[in-house]
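Structure below is entry-v8.cif: mmCIF, C-alpha atoms.
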data_upload
loop_
_atom_site.label_atom_id
_atom_site.label_comp_id
_atom_site.auth_asym_id
_atom_site.auth_seq_id
_atom_site.Cartn_x
_atom_site.Cartn_y
_atom_site.Cartn_z
CA MET U 1 -18.43 2.82 -46.33
CA ILE U 2 -16.90 -0.56 -45.54
CA GLN U 3 -20.11 -1.52 -43.74
CA TYR U 4 -22.26 -0.93 -46.86
CA ALA U 5 -19.63 -2.62 -49.05
CA SER U 6 -19.80 -5.73 -46.87
CA ILE U 7 -23.62 -5.88 -47.16
CA ILE U 8 -23.36 -5.59 -50.96
CA LEU U 9 -20.67 -8.30 -50.89
CA PHE U 10 -23.07 -10.63 -49.05
CA VAL U 11 -25.79 -9.86 -51.62
CA ILE U 12 -23.37 -10.54 -54.50
CA GLY U 13 -22.73 -13.94 -52.95
CA ILE U 14 -26.46 -14.71 -52.91
CA TYR U 15 -26.73 -13.59 -56.55
CA GLY U 16 -23.90 -15.96 -57.43
CA LEU U 17 -25.71 -18.84 -55.75
CA PHE U 18 -28.87 -18.05 -57.76
CA VAL U 19 -27.24 -17.61 -61.15
CA SER U 20 -24.34 -20.07 -61.37
CA LYS U 21 -24.94 -23.67 -62.41
CA ASN U 22 -21.43 -24.87 -61.65
CA VAL U 23 -20.62 -26.62 -58.36
CA ILE U 24 -17.21 -24.94 -57.90
CA LYS U 25 -18.75 -21.51 -58.65
CA MET U 26 -21.37 -22.16 -55.97
CA ILE U 27 -18.66 -22.93 -53.38
CA VAL U 28 -16.83 -19.72 -54.41
CA SER U 29 -20.09 -17.81 -53.90
CA LEU U 30 -20.50 -19.29 -50.43
CA ASN U 31 -16.97 -18.13 -49.58
CA ILE U 32 -17.74 -14.60 -50.83
CA MET U 33 -20.83 -14.54 -48.57
CA GLU U 34 -18.68 -15.66 -45.65
CA ILE U 35 -16.09 -12.90 -46.21
CA GLY U 36 -18.83 -10.25 -46.45
CA LEU U 37 -20.45 -11.44 -43.24
CA ASN U 38 -17.11 -11.45 -41.38
CA ILE U 39 -16.34 -7.87 -42.43
CA PHE U 40 -19.85 -6.80 -41.37
CA ILE U 41 -19.55 -8.37 -37.90
CA ILE U 42 -16.16 -6.69 -37.37
CA SER U 43 -17.56 -3.35 -38.57
CA ILE U 44 -20.36 -3.21 -35.96
CA GLY U 45 -17.67 -3.24 -33.26
CA PHE U 46 -15.54 -0.45 -34.75
CA VAL U 47 -15.16 2.73 -32.72
CA GLY U 48 -14.00 5.78 -34.64
CA GLY U 49 -11.85 8.65 -33.48
CA GLY U 50 -8.48 7.17 -32.56
CA ALA U 51 -9.54 3.98 -30.82
CA ILE U 52 -6.84 1.29 -30.63
CA ALA U 53 -6.87 -2.51 -30.94
CA PRO U 54 -7.87 -4.33 -27.72
CA ILE U 55 -4.31 -5.35 -26.77
CA ILE U 56 -2.64 -3.78 -23.74
CA SER U 57 0.91 -3.98 -22.44
CA SER U 58 0.07 -3.33 -18.76
CA THR U 59 -3.01 -2.46 -16.76
CA GLN U 60 -2.15 1.26 -16.90
CA ASP U 61 -3.28 1.32 -20.55
CA LEU U 62 -6.90 0.64 -19.62
CA GLY U 63 -7.90 4.31 -19.64
CA LEU U 64 -7.54 4.51 -23.44
CA ILE U 65 -10.38 4.02 -25.95
CA PHE U 66 -10.57 0.50 -27.43
CA VAL U 67 -12.61 -1.04 -30.20
CA ASP U 68 -15.15 -3.71 -29.21
CA PRO U 69 -13.26 -7.03 -28.69
CA LEU U 70 -16.32 -9.33 -28.68
CA PRO U 71 -17.05 -9.36 -32.48
CA GLN U 72 -13.35 -10.04 -33.14
CA ALA U 73 -13.45 -13.11 -30.87
CA LEU U 74 -16.51 -14.44 -32.70
CA VAL U 75 -15.04 -13.91 -36.18
CA LEU U 76 -11.67 -15.48 -35.19
CA THR U 77 -13.27 -18.88 -34.68
CA ALA U 78 -15.73 -18.47 -37.57
CA ILE U 79 -12.85 -18.18 -40.09
CA VAL U 80 -11.31 -21.46 -38.90
CA ILE U 81 -14.69 -23.23 -39.09
CA GLY U 82 -15.02 -21.82 -42.65
CA VAL U 83 -11.96 -23.74 -43.90
CA GLY U 84 -13.45 -26.98 -42.53
CA THR U 85 -16.79 -26.51 -44.27
CA THR U 86 -15.09 -25.46 -47.52
CA ALA U 87 -12.94 -28.61 -47.45
CA LEU U 88 -16.04 -30.77 -46.89
CA ALA U 89 -17.87 -29.05 -49.78
CA LEU U 90 -14.88 -29.56 -52.11
CA ALA U 91 -14.78 -33.25 -51.13
CA PHE U 92 -18.43 -33.56 -52.14
CA ALA U 93 -17.68 -31.75 -55.45
CA LYS U 94 -14.87 -34.22 -56.21
CA THR U 95 -17.21 -37.16 -55.55
CA ILE U 96 -19.83 -35.60 -57.85
CA TYR U 97 -17.20 -35.29 -60.59
CA LYS U 98 -16.27 -38.96 -60.19
CA THR U 99 -19.89 -40.02 -60.71
CA TYR U 100 -21.03 -37.68 -63.53
CA ASN U 101 -17.73 -36.52 -65.11
CA THR U 102 -18.88 -32.90 -65.04
CA PHE U 103 -19.41 -29.93 -62.70
CA GLU U 104 -22.37 -28.43 -64.62
CA LEU U 105 -25.77 -29.09 -63.07
CA ASP U 106 -27.54 -29.13 -66.47
CA GLU U 107 -25.33 -31.89 -67.89
CA MET U 108 -25.87 -33.96 -64.74
CA GLU U 109 -29.64 -33.90 -65.29
CA GLU U 110 -29.22 -35.01 -68.90
CA SER U 111 -26.98 -37.96 -68.05
CA ALA U 112 -29.13 -39.09 -65.10
CA MET K 1 -12.16 13.61 -46.32
CA THR K 2 -9.65 12.05 -44.00
CA PHE K 3 -7.06 9.45 -44.96
CA PHE K 4 -9.14 6.68 -43.34
CA GLU K 5 -12.20 7.54 -45.43
CA ILE K 6 -10.25 7.60 -48.70
CA ILE K 7 -8.61 4.22 -47.99
CA SER K 8 -11.88 2.63 -46.93
CA LEU K 9 -13.61 3.95 -50.07
CA VAL K 10 -10.92 2.44 -52.31
CA ILE K 11 -10.98 -0.89 -50.44
CA GLY K 12 -14.79 -1.05 -50.59
CA ILE K 13 -14.94 -0.43 -54.34
CA LEU K 14 -12.15 -2.95 -55.01
CA LEU K 15 -13.93 -5.59 -52.89
CA LEU K 16 -17.12 -5.21 -54.94
CA VAL K 17 -15.34 -5.22 -58.33
CA ILE K 18 -13.28 -8.32 -57.51
CA ALA K 19 -16.30 -10.19 -56.10
CA PHE K 20 -18.21 -9.44 -59.32
CA MET K 21 -15.27 -10.69 -61.42
CA ALA K 22 -14.99 -13.87 -59.30
CA ILE K 23 -18.61 -14.73 -60.05
CA ASN K 24 -18.63 -13.77 -63.72
CA SER K 25 -15.30 -15.18 -64.95
CA LYS K 26 -15.53 -18.00 -67.48
CA LYS K 27 -12.60 -20.16 -66.33
CA LEU K 28 -12.85 -21.85 -62.94
CA ILE K 29 -9.19 -21.23 -62.03
CA ASN K 30 -9.64 -17.46 -62.56
CA SER K 31 -12.61 -17.52 -60.24
CA VAL K 32 -10.55 -19.23 -57.53
CA LEU K 33 -7.69 -16.72 -57.89
CA PHE K 34 -10.08 -13.77 -57.65
CA LEU K 35 -11.40 -15.33 -54.43
CA SER K 36 -7.84 -15.34 -53.09
CA ALA K 37 -7.41 -11.66 -54.00
CA LEU K 38 -10.73 -10.89 -52.31
CA SER K 39 -9.58 -12.41 -49.08
CA MET K 40 -6.29 -10.46 -49.27
CA LEU K 41 -8.34 -7.24 -49.53
CA ALA K 42 -10.44 -8.40 -46.58
CA VAL K 43 -7.19 -8.56 -44.58
CA VAL K 44 -6.61 -4.86 -45.35
CA ALA K 45 -10.16 -4.08 -44.24
CA PHE K 46 -9.62 -5.95 -40.96
CA VAL K 47 -6.41 -4.04 -40.29
CA LEU K 48 -8.21 -0.74 -40.99
CA MET K 49 -10.87 -1.67 -38.44
CA LYS K 50 -8.23 -2.44 -35.76
CA ALA K 51 -8.61 -6.23 -35.66
CA PRO K 52 -5.05 -7.65 -35.92
CA ASP K 53 -5.95 -11.14 -34.60
CA VAL K 54 -8.57 -11.65 -37.28
CA ALA K 55 -6.26 -10.20 -39.95
CA ILE K 56 -3.49 -12.75 -39.21
CA THR K 57 -5.96 -15.65 -39.27
CA GLU K 58 -7.59 -14.54 -42.52
CA ALA K 59 -4.19 -13.98 -44.19
CA VAL K 60 -3.04 -17.54 -43.41
CA ILE K 61 -6.29 -19.38 -44.04
CA GLY K 62 -8.24 -17.33 -46.58
CA SER K 63 -5.52 -16.66 -49.10
CA GLY K 64 -3.28 -19.64 -48.35
CA LEU K 65 -4.97 -22.87 -47.38
CA VAL K 66 -8.42 -22.44 -48.97
CA THR K 67 -6.89 -21.45 -52.32
CA ALA K 68 -4.56 -24.47 -52.13
CA LEU K 69 -7.52 -26.81 -51.54
CA PHE K 70 -9.43 -25.35 -54.53
CA VAL K 71 -6.38 -25.61 -56.79
CA PHE K 72 -5.71 -29.24 -55.77
CA THR K 73 -9.32 -30.15 -56.57
CA LEU K 74 -9.07 -28.56 -60.04
CA LEU K 75 -5.62 -30.12 -60.74
CA SER K 76 -6.77 -33.65 -59.95
CA LEU K 77 -9.66 -33.26 -62.40
CA LYS K 78 -7.53 -31.89 -65.26
CA ARG K 79 -5.44 -35.04 -65.09
CA ARG K 80 -8.49 -37.27 -65.36
CA GLU K 81 -9.78 -35.37 -68.41
CA SER K 82 -6.61 -35.98 -70.38
CA GLU K 83 -6.78 -39.74 -70.01
CA MET R 1 -34.80 -14.99 -67.36
CA ARG R 2 -33.13 -16.73 -64.47
CA LYS R 3 -30.48 -14.00 -64.24
CA LEU R 4 -33.12 -11.23 -64.19
CA PHE R 5 -35.10 -13.03 -61.50
CA GLY R 6 -32.01 -13.52 -59.35
CA LEU R 7 -31.02 -9.88 -59.79
CA LEU R 8 -34.45 -8.64 -58.70
CA ILE R 9 -34.50 -10.86 -55.60
CA THR R 10 -30.99 -9.88 -54.53
CA ILE R 11 -31.62 -6.14 -55.02
CA ALA R 12 -34.78 -6.40 -52.91
CA LEU R 13 -32.88 -8.28 -50.22
CA GLY R 14 -30.05 -5.73 -50.16
CA VAL R 15 -32.45 -2.77 -49.88
CA MET R 16 -34.28 -4.57 -47.05
CA ILE R 17 -31.06 -5.19 -45.11
CA ILE R 18 -29.83 -1.60 -45.46
CA LEU R 19 -33.21 -0.16 -44.43
CA ALA R 20 -33.41 -2.43 -41.38
CA LEU R 21 -29.91 -1.33 -40.40
CA ASP R 22 -30.62 2.39 -40.15
CA LYS R 23 -33.67 2.14 -37.93
CA THR R 24 -32.46 -0.03 -35.05
CA SER R 25 -30.31 0.94 -32.10
CA ALA R 26 -28.45 -2.40 -32.11
CA PHE R 27 -26.67 -1.44 -35.36
CA PRO R 28 -25.55 2.17 -34.96
CA LYS R 29 -23.79 4.20 -37.63
CA PHE R 30 -20.32 3.02 -38.63
CA GLY R 31 -17.74 4.22 -36.12
CA GLU R 32 -20.20 5.78 -33.67
CA VAL R 33 -20.50 2.90 -31.22
CA ASN R 34 -20.94 3.68 -27.54
CA LEU R 35 -19.04 0.99 -25.67
CA GLN R 36 -20.60 1.99 -22.32
CA GLU R 37 -23.93 0.51 -23.45
CA ARG R 38 -22.43 -2.81 -24.50
CA ILE R 39 -21.49 -5.92 -22.54
CA SER R 40 -17.89 -5.62 -23.83
CA ASN R 41 -17.29 -2.72 -21.44
CA GLN R 42 -17.04 -5.24 -18.58
CA TYR R 43 -14.16 -7.06 -20.28
CA LEU R 44 -12.13 -3.83 -20.23
CA THR R 45 -12.40 -2.91 -16.55
CA GLU R 46 -9.25 -3.17 -14.46
CA GLU R 47 -10.44 -5.77 -11.94
CA ASN R 48 -11.65 -8.17 -14.66
CA VAL R 49 -8.39 -7.83 -16.65
CA GLU R 50 -6.39 -8.60 -13.50
CA MET R 51 -8.65 -11.57 -12.72
CA VAL R 52 -8.08 -13.18 -16.14
CA GLY R 53 -4.53 -11.92 -16.59
CA SER R 54 -4.35 -11.87 -20.39
CA ALA R 55 -2.98 -8.73 -22.05
CA ASN R 56 -4.77 -9.55 -25.31
CA ILE R 57 -8.46 -9.01 -24.56
CA VAL R 58 -9.58 -11.05 -27.61
CA THR R 59 -7.69 -14.07 -26.25
CA ALA R 60 -9.22 -13.46 -22.83
CA ILE R 61 -12.69 -13.72 -24.42
CA VAL R 62 -11.94 -16.70 -26.71
CA VAL R 63 -10.22 -18.91 -24.12
CA GLY R 64 -11.09 -17.36 -20.78
CA TYR R 65 -14.70 -16.20 -20.75
CA ARG R 66 -15.96 -18.39 -23.61
CA GLY R 67 -13.72 -21.44 -23.37
CA PHE R 68 -16.65 -23.83 -23.58
CA ASP R 69 -17.73 -22.29 -26.92
CA THR R 70 -14.19 -22.80 -28.21
CA LEU R 71 -14.30 -26.49 -27.22
CA GLY R 72 -17.49 -26.82 -29.30
CA GLU R 73 -15.96 -25.03 -32.27
CA VAL R 74 -12.86 -27.23 -32.24
CA THR R 75 -15.25 -30.20 -32.21
CA VAL R 76 -17.02 -28.85 -35.32
CA LEU R 77 -13.65 -28.63 -37.09
CA PHE R 78 -12.86 -32.21 -36.00
CA ILE R 79 -16.17 -33.47 -37.41
CA SER R 80 -15.63 -31.78 -40.78
CA ALA R 81 -12.08 -33.22 -41.00
CA LEU R 82 -13.58 -36.63 -40.17
CA GLY R 83 -16.13 -36.17 -42.97
CA VAL R 84 -13.39 -35.37 -45.52
CA ALA R 85 -11.42 -38.45 -44.42
CA PHE R 86 -14.57 -40.58 -44.70
CA ILE R 87 -15.37 -39.39 -48.26
CA PHE R 88 -11.81 -39.80 -49.58
CA GLY R 89 -11.20 -42.95 -47.57
CA GLY R 90 -9.84 -46.15 -48.99
CA THR R 91 -7.41 -48.85 -48.00
CA LYS R 92 -4.76 -48.37 -50.69
CA GLN R 93 -3.75 -44.73 -50.98
CA GLN R 94 -1.11 -43.20 -53.21
CA ARG R 95 0.12 -39.69 -54.03
CA LEU R 96 -1.70 -37.72 -56.68
CA ASP R 97 0.88 -37.04 -59.41
CA LEU R 98 0.84 -33.35 -60.26
CA LYS R 99 1.86 -32.06 -63.68
CA PHE R 100 4.97 -30.23 -62.54
CA LYS R 101 8.10 -31.88 -61.14
CA PRO R 102 9.86 -30.11 -58.24
CA ASN R 103 13.43 -29.10 -59.09
CA PHE R 104 16.58 -28.94 -56.96
CA MET R 105 16.18 -25.30 -55.86
CA LEU R 106 12.63 -25.90 -54.65
CA ARG R 107 13.65 -28.92 -52.59
CA VAL R 108 16.63 -27.21 -50.87
CA GLY R 109 14.82 -23.90 -50.39
CA SER R 110 11.82 -25.60 -48.82
CA ASN R 111 14.06 -27.30 -46.26
CA VAL R 112 15.46 -23.90 -45.26
CA LEU R 113 12.04 -22.30 -45.11
CA LEU R 114 10.44 -25.13 -43.14
CA GLY R 115 12.40 -24.35 -39.98
CA ILE R 116 11.64 -20.63 -40.16
CA ILE R 117 7.92 -21.27 -40.65
CA LEU R 118 7.75 -23.72 -37.74
CA VAL R 119 9.62 -21.34 -35.40
CA THR R 120 7.24 -18.52 -36.40
CA SER R 121 4.22 -20.69 -35.66
CA ILE R 122 5.56 -21.71 -32.24
CA TYR R 123 6.24 -18.03 -31.42
CA ILE R 124 2.72 -17.02 -32.47
CA ILE R 125 1.11 -19.80 -30.42
CA LEU R 126 3.16 -19.17 -27.25
CA HIS R 127 2.59 -15.39 -27.32
CA GLY R 128 -1.15 -15.69 -27.97
CA HIS R 129 -2.02 -13.97 -24.69
CA LEU R 130 0.39 -11.04 -25.25
CA THR R 131 0.42 -10.17 -28.98
CA PRO R 132 -1.98 -10.72 -31.91
CA GLY R 133 -2.17 -14.35 -32.88
CA GLY R 134 -2.75 -17.47 -30.85
CA GLY R 135 -3.73 -21.08 -31.37
CA PHE R 136 -5.97 -20.72 -34.41
CA PRO R 137 -3.57 -18.83 -36.76
CA GLY R 138 -0.54 -20.69 -35.34
CA GLY R 139 -2.13 -24.05 -36.08
CA ALA R 140 -2.94 -22.90 -39.61
CA ILE R 141 0.74 -21.90 -40.09
CA ILE R 142 1.82 -25.41 -38.99
CA ALA R 143 -0.58 -26.84 -41.60
CA SER R 144 0.89 -24.59 -44.29
CA ALA R 145 4.39 -25.87 -43.39
CA VAL R 146 3.12 -29.42 -44.03
CA LEU R 147 1.63 -28.17 -47.33
CA LEU R 148 5.07 -26.84 -48.32
CA LEU R 149 6.59 -30.30 -47.68
CA TYR R 150 3.98 -31.88 -49.95
CA LEU R 151 4.61 -29.36 -52.75
CA ALA R 152 8.42 -29.68 -52.62
CA ASP R 153 8.60 -33.47 -52.94
CA ASP R 154 6.28 -35.46 -55.16
CA LYS R 155 6.94 -38.73 -53.31
CA PHE R 156 6.39 -37.31 -49.83
CA ARG R 157 3.72 -38.86 -47.59
CA SER R 158 3.51 -37.58 -44.04
CA ASN R 159 2.61 -39.82 -41.14
CA VAL R 160 -1.16 -39.45 -41.05
CA LYS R 161 -1.54 -41.77 -38.06
CA GLY R 162 0.79 -39.45 -36.11
CA PHE R 163 -1.50 -36.50 -36.89
CA LYS R 164 -4.52 -38.44 -35.65
CA LEU R 165 -2.64 -39.36 -32.45
CA ILE R 166 -1.57 -35.74 -31.74
CA GLU R 167 -5.10 -34.52 -32.40
CA GLY R 168 -6.69 -37.07 -30.08
CA ILE R 169 -4.19 -36.44 -27.27
CA ALA R 170 -4.55 -32.64 -27.53
CA GLY R 171 -8.35 -32.83 -27.48
CA SER R 172 -8.29 -35.18 -24.48
CA ILE R 173 -5.93 -32.92 -22.49
CA PHE R 174 -8.22 -29.95 -23.26
CA VAL R 175 -11.14 -31.77 -21.64
CA VAL R 176 -8.95 -32.95 -18.74
CA VAL R 177 -7.80 -29.35 -18.03
CA GLY R 178 -11.45 -28.32 -18.01
CA LEU R 179 -12.33 -31.10 -15.57
CA LEU R 180 -9.39 -30.08 -13.31
CA GLY R 181 -11.03 -26.65 -13.13
CA LEU R 182 -14.13 -28.41 -11.85
CA VAL R 183 -12.06 -30.14 -9.16
CA PHE R 184 -9.79 -27.30 -7.94
CA ALA R 185 -12.16 -24.38 -8.63
CA THR R 186 -15.91 -24.18 -9.06
CA ALA R 187 -16.69 -24.46 -12.80
CA PHE R 188 -15.66 -26.32 -15.96
CA LEU R 189 -12.60 -24.67 -17.62
CA GLU R 190 -12.18 -22.22 -14.73
CA ASN R 191 -8.66 -20.95 -14.03
CA PHE R 192 -6.98 -22.78 -11.13
CA LEU R 193 -3.35 -21.62 -11.60
CA PRO R 194 -1.86 -18.35 -10.27
CA VAL R 195 -2.46 -15.47 -12.69
CA GLY R 196 0.76 -13.47 -12.32
CA THR R 197 1.51 -10.01 -13.73
CA VAL R 198 -0.34 -8.83 -16.83
CA GLY R 199 2.09 -8.60 -19.76
CA GLN R 200 4.58 -11.30 -18.67
CA LEU R 201 5.12 -14.48 -20.71
CA LEU R 202 4.32 -16.75 -17.76
CA SER R 203 0.97 -15.30 -16.80
CA ALA R 204 -2.76 -15.74 -17.37
CA GLY R 205 -3.03 -19.16 -15.72
CA ILE R 206 -4.39 -21.91 -17.98
CA ILE R 207 -4.85 -19.70 -21.09
CA PRO R 208 -1.39 -20.43 -22.67
CA ILE R 209 -1.78 -24.17 -21.97
CA ILE R 210 -5.17 -24.31 -23.67
CA TYR R 211 -3.97 -22.20 -26.62
CA VAL R 212 -1.01 -24.57 -27.20
CA LEU R 213 -3.45 -27.52 -27.21
CA ILE R 214 -5.78 -25.70 -29.65
CA GLY R 215 -2.81 -24.93 -31.90
CA LEU R 216 -1.73 -28.60 -32.03
CA LYS R 217 -5.30 -29.75 -32.66
CA VAL R 218 -6.07 -27.24 -35.44
CA GLY R 219 -2.69 -27.81 -37.09
CA SER R 220 -2.98 -31.60 -37.17
CA GLU R 221 -6.59 -31.48 -38.38
CA ILE R 222 -5.93 -29.13 -41.30
CA ALA R 223 -2.73 -31.03 -42.18
CA GLY R 224 -4.81 -34.22 -42.32
CA VAL R 225 -7.28 -32.52 -44.66
CA VAL R 226 -4.41 -31.39 -46.94
CA ASP R 227 -3.09 -34.97 -47.01
CA ASN R 228 -6.54 -36.27 -47.96
CA PHE R 229 -6.76 -33.82 -50.87
CA LEU R 230 -3.34 -34.81 -52.23
CA THR R 231 -3.84 -38.59 -52.18
CA GLU R 232 -6.20 -40.79 -54.09
CA GLU R 233 -7.17 -44.43 -54.29
CA GLU R 234 -5.00 -46.65 -56.40
CA SER R 235 -6.75 -47.08 -59.72
CA ALA R 236 -4.81 -50.20 -60.72
#
structure tokens encoding of this file:
Amino acid sequence: MIQYASIILFVIGIYGLFVSKNVIKMIVSLNIMEIGLNIFIISIGFVGGGAIAPIISSTQDLGLIFVDPLPQALVLTAIVIGVGTTALALAFAKTIYKTYNTFELDEMEESA
Amino acid sequence: MTFFEIISLVIGILLLVIAFMAINSKKLINSVLFLSALSMLAVVAFVLMKAPDVAITEAVIGSGLVTALFVFTLLSLKRRESE
Amino acid sequence: MRKLFGLLITIALGVMIILALDKTSAFPKFGEVNLQERISNQYLTEENVEMVGSANIVTAIVVGYRGFDTLGEVTVLFISALGVAFIFGGTKQQRLDLKFKPNFMLRVGSNVLLGIILVTSIYIILHGHLTPGGGFPGGAIIASAVLLLYLADDKFRSNVKGFKLIEGIAGSIFVVVGLLGLVFATAFLENFLPVGTVGQLLSAGIIPIIYVLIGLKVGSEIAGVVDNFLTEEESA
């Protein structure tokens, strides 16, 4: 269920990019796409039926069933990169506002 | 249905509803706050799928720092409008 | 018209993704993954865990097996922080005056909270190879402590040059530790310290050292970004 929800979340983000004409709304849509993608990557590593998180206390625990640790390692760094790209996009949006005094793409074309 | 299935169904539906509201809200600040709520729900989804490392990172960054950056951008513009 | 067109395209895309998912063996049904067929099974064998020495397998992958990837990702974060500083740059900077004024309770309470938040972040960074957490979330908690300082005092400016210094030193030591692996062992970023017992605080070789450096680097970079968003060029 969460897997399908994450795919629909990604698609909602693409819809937001198509429809919205506001710069801040577009950055919010990009963030929604990013969250959906992260949940999807985690979900393809999930093992059902009582598996535990890949953290052990000693080497005797290694006989238990674990979830896949590789997707978690990839998503961990992807989230931190996401805050950097969002900050860069917001800096661009602030510069756009300084030049045109608006966030709406239609009004920018009129004033240009 | 087990407890896990019921919780994941509720979380999935809430994720979709809040994402839809974040895109369709009229005010920009509402859109930003719905994004923060969305990332809080994503934390619950990560915990359900046994990923505590990712859950801690998303809780600090997604609902704390990114929301703060959005709000600071909007606040600095409100001040310029009033002049 | 534009909304209808966007809706049609996105529905087609979603149906395509879901259909492609059910027919391939790389994306099995949710929860029915067979770990024996995947490469991750090797990370969970006893000899490999004792070779790396980290009790948290995710940390073992991020810093141990894929340390070179992590160096690249920290570099990406550095470049985006540099881009933000370049866009907002200017010689004369001053604080952005927000609409609310911080009161007495906020100032005193933030001083109490600051210590607790910093201690929590240090704990999370140092125990990155034993418990959930590590350098990336710990660094983000340090940045949120700096954000709290900015919110509690409307005249506060942190020492941005100090952040840049910490970030440069941490990044340089990361590369130097990697090069030491080349000297004392066989490959870049290979472990050259004794591993110790799995589950102890002083174990896992160079993994805690590298995670502390990553924590300092991420924290100072995001704190610099927060400072850039809360200052502006002097209009007068």
### Message
Under the PyMOL selection byres ((chain U) within 6 of (chain K)), which residues of this model are included? Write them out as a PyMOL selection string.
### Response
chain U and resi 2+5+53+76
### Task
Just need the residues of chain R within 8 Å of chain U, counting only C-alpha atoms, so spit them out as a PyMOL selection string.
chain R and resi 2-3+6-7+10-11+13-14+17-18+27-28+30-35+40+44-46+49-50+55-59+61-62+70+73+76-77+80-81+83-84+87-88+130-132+136+198-199+222+225
### Query
If you count only C-alpha atoms, which residues fall within 9 Å of Pro208 of chain R, apart from same-chain ones fewer than 4 positions away, as a PyMOL selection string?
chain R and resi 125-129+134+202-204+212-213
With C-alpha atoms retained, export the selected residues as an mmCIF file, in the frame of the given file.
data_model
loop_
_atom_site.group_PDB
_atom_site.id
_atom_site.type_symbol
_atom_site.label_atom_id
_atom_site.label_comp_id
_atom_site.auth_asym_id
_atom_site.auth_seq_id
_atom_site.Cartn_x
_atom_site.Cartn_y
_atom_site.Cartn_z
ATOM 1 C CA ILE R 125 1.110 -19.800 -30.420
ATOM 2 C CA LEU R 126 3.160 -19.170 -27.250
ATOM 3 C CA HIS R 127 2.590 -15.390 -27.320
ATOM 4 C CA GLY R 128 -1.150 -15.690 -27.970
ATOM 5 C CA HIS R 129 -2.020 -13.970 -24.690
ATOM 6 C CA GLY R 134 -2.750 -17.470 -30.850
ATOM 7 C CA LEU R 202 4.320 -16.750 -17.760
ATOM 8 C CA SER R 203 0.970 -15.300 -16.800
ATOM 9 C CA ALA R 204 -2.760 -15.740 -17.370
ATOM 10 C CA VAL R 212 -1.010 -24.570 -27.200
ATOM 11 C CA LEU R 213 -3.450 -27.520 -27.210
#
### Task
May I ask for the distance between atom CA of Leu193 of chain R and atom CA of Gly181 of chain R, given in Å to one decimal place?
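Interatomic distance, atom CA of Leu193 of chain R to atom CA of Gly181 of chain R: 9.3 Å.
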### Gap from atom CA of Lys155 of chain R to atom CA of Gln94 of chain R - Å, one decimal
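Result for atom CA of Lys155 of chain R versus atom CA of Gln94 of chain R: 9.2 Å, one decimal.
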### Task
Find the spatial neighbours of Glu104 of chain U, counting only C-alpha atoms, within a cut-off of 12 Å - ignore same-chain residues fewer than 5 positions away - and output them as an MDAnalysis selection string.
(chainID U and resid 20:26 93 96:97 109:111) or (chainID K and resid 28)
Dump as a PDB file, in the frame of the given file, selection limited to C-alpha atoms:
ATOM      1  CA  SER U  20     -24.340 -20.070 -61.370  1.00  0.00           C
ATOM      2  CA  LYS U  21     -24.940 -23.670 -62.410  1.00  0.00           C
ATOM      3  CA  ASN U  22     -21.430 -24.870 -61.650  1.00  0.00           C
ATOM      4  CA  VAL U  23     -20.620 -26.620 -58.360  1.00  0.00           C
ATOM      5  CA  ILE U  24     -17.210 -24.940 -57.900  1.00  0.00           C
ATOM      6  CA  LYS U  25     -18.750 -21.510 -58.650  1.00  0.00           C
ATOM      7  CA  MET U  26     -21.370 -22.160 -55.970  1.00  0.00           C
ATOM      8  CA  ALA U  93     -17.680 -31.750 -55.450  1.00  0.00           C
ATOM      9  CA  ILE U  96     -19.830 -35.600 -57.850  1.00  0.00           C
ATOM     10  CA  TYR U  97     -17.200 -35.290 -60.590  1.00  0.00           C
ATOM     11  CA  GLU U 109     -29.640 -33.900 -65.290  1.00  0.00           C
ATOM     12  CA  GLU U 110     -29.220 -35.010 -68.900  1.00  0.00           C
ATOM     13  CA  SER U 111     -26.980 -37.960 -68.050  1.00  0.00           C
TER      14      SER U 111
ATOM     15  CA  LEU K  28     -12.850 -21.850 -62.940  1.00  0.00           C
TER      16      LEU K  28
END
### Query
Between atom CA of Gly205 of chain R and atom CA of Ser54 of chain R, what is the distance, to one decimal in Å?
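If I compute the distance from atom CA of Gly205 of chain R to atom CA of Ser54 of chain R, I get 8.8 Å.
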### Query
Taking only C-alpha atoms into account, which of R:Ala143, R:Leu189, R:Val195, R:Val175 comes nearest chain K?
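So, comparing all the options, the nearest one is R:Ala143.
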### Task
Pull out every residue that the PyMOL selection byres ((chain R and resi 107) around 10) matches in the shown coordinates and put them as a list in words.
Pro102, Asn103, Phe104, Met105, Leu106, Val108, Gly109, Ser110, Asn111, Val112, Leu148, Leu149, Leu151, Ala152 and Asp153 of chain R
### Task
Name the residues within 8 Å of (-2.5, -30.3, -40.6), counting only C-alpha atoms in the file's coordinates, and put them as a ChimeraX atom specification.
/R:139-140,142-144,146,163,218-227
### Query
Between R:Val119, R:Ile39, R:Leu96, R:Leu180, which one has atoms that come closest to chain K, using only C-alpha atoms?
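Of the candidates, the smallest distance to chain K is held by R:Leu96.
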### Message
From the options K:Met1, K:Val60, K:Thr67, K:Ser36, which residue's atoms come nearest to chain R, counting only C-alpha atoms?
### Response
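Among the listed residues, the smallest separation from chain R belongs to K:Val60.
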